[in-house]
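Q: Handing you this structure, nothing more for now.
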Amino acid sequence: MTVTETKLKGCFILEPAVFTDERGYFMESFNKERFNSATGAGVNFVQDNQSFSTKGVVRALHYQLGEHAQAKLVRVLNGAVLDVAVDLRKDSPTFGQHIAVELSDENKKQLFIPRGFAHGFSVLTDTAEFFYKCDNYYNKASEGGIVYNDPKLNIDWKLPEDQLKVSDKDAVLPTFDKARI
């Protein structure tokens with residue numbers, strides 16, 4: 001596994017070793033000991049989530065606050081997405097900055113997003129199946145969000161605005177400056 005830290009401290013791109021032959025492929029998608037050794041994160045994942053979406057769907061930008069904050073390890077099982085992480089750690093030198101990484105069933109990349117980040121993705125292919133591990137349980141009272149088209153963040157979702165499909169709930173999330181962080 002190749003592990004590369006992004007410009008956002010604690011946020012890593014993971015590229016597993018993939019062994020292919022005429023039968024297909026094999027890869028180890030997660031090994032707690034290797035993961036924690038490579039990232040220094042010391043994470044214990046407790047919940048797995050999976051979603052299926054069609055092209056243009058934007059699921060963003062979500063996070064959990066306080067004691068319910070979640071670190072996530074995300075990947076795509078089928079299709080391709082543009083995955084986005086936004087640093088919400090007020091004491092971080094990269095506070096308010098984001099990264100965007102294409103994750104797909106072809107490149108098999110994963111993104112580790114530590115606690116203190118907002119997260120979202122846009123679907124770039126006809127469909128995508130998205131899978132992620134969380135190190136804390138979801139808590140509705142602690143959920144927060146930032147509107148996907150926040151002018152300060154200026155995220156390029158890699159699709160024309162008129163092709164984006166956003167839930168009613170996500171469309172009315174506050175801007176970065178007004179979000180509960």
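In the structure tokens, chains take letters A, B, ... by order of appearance, with residues numbered from 1 within each chain and ligands from 1 in the order shown.
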Determine, counting only C-alpha atoms, which protein, DNA and RNA residues have an atom within 9 Å of an atom of Val46 (chain A); residues of the same chain fewer than 4 positions away are not included. Present the result as a PyMOL selection string.

A: chain A and resi 133-137

Q: Could those residues be written to a file, using N, CA and C atoms, as a CSV table (one decimal), in the first residue's frame?

A:
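Listed below is the output, result_14.csv:
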chain,number,residue,atom,x,y,z
A,133,LYS,N,-15.9,3.8,5.9
A,133,LYS,CA,-15.8,3.4,7.2
A,133,LYS,C,-15.7,4.7,8.1
A,134,CYS,N,-16.3,4.6,9.3
A,134,CYS,CA,-16.3,5.7,10.2
A,134,CYS,C,-15.8,5.3,11.6
A,135,ASP,N,-15.1,6.1,12.3
A,135,ASP,CA,-14.6,5.8,13.6
A,135,ASP,C,-15.5,6.2,14.7
A,136,ASN,N,-16.7,6.7,14.4
A,136,ASN,CA,-17.6,7.1,15.4
A,136,ASN,C,-19.0,6.9,14.8
A,137,TYR,N,-20.0,6.7,15.7
A,137,TYR,CA,-21.4,6.5,15.2
A,137,TYR,C,-22.0,7.8,14.9

Q: Which residues are close to Lys165 (chain A), i.e. within 6 Å by only C-alpha atoms, leaving aside same-chain residues fewer than 3 positions away? Reply as a ChimeraX atom specification.

A: /A:56-58

Q: Enter the distance from CA of Asn139 (chain A) to CA of Asn36 (chain A), in Å, rounded to one decimal.

A: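 CA of Asn139 (chain A) sits 24.8 Å away from CA of Asn36 (chain A).
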
Q: If we count only C-alpha atoms and set the cut-off at 6 Å, which residues sit around Val86 (chain A), ignoring sequence neighbours fewer than 6 positions away in its own chain? Please answer as a list in words.

A: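 Surrounding residues, per the criterion: Gln97, His98, Phe117 and Ala118 of chain A.
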
Q: Which of these, A:Thr94, A:Gln110, A:Ser167, A:Asn49, has the shortest distance to Phe131 (chain A) once you count only C-alpha atoms?

A: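 Ranking A:Thr94, A:Gln110, A:Ser167, A:Asn49 by distance to Phe131 (chain A), first place goes to A:Asn49.
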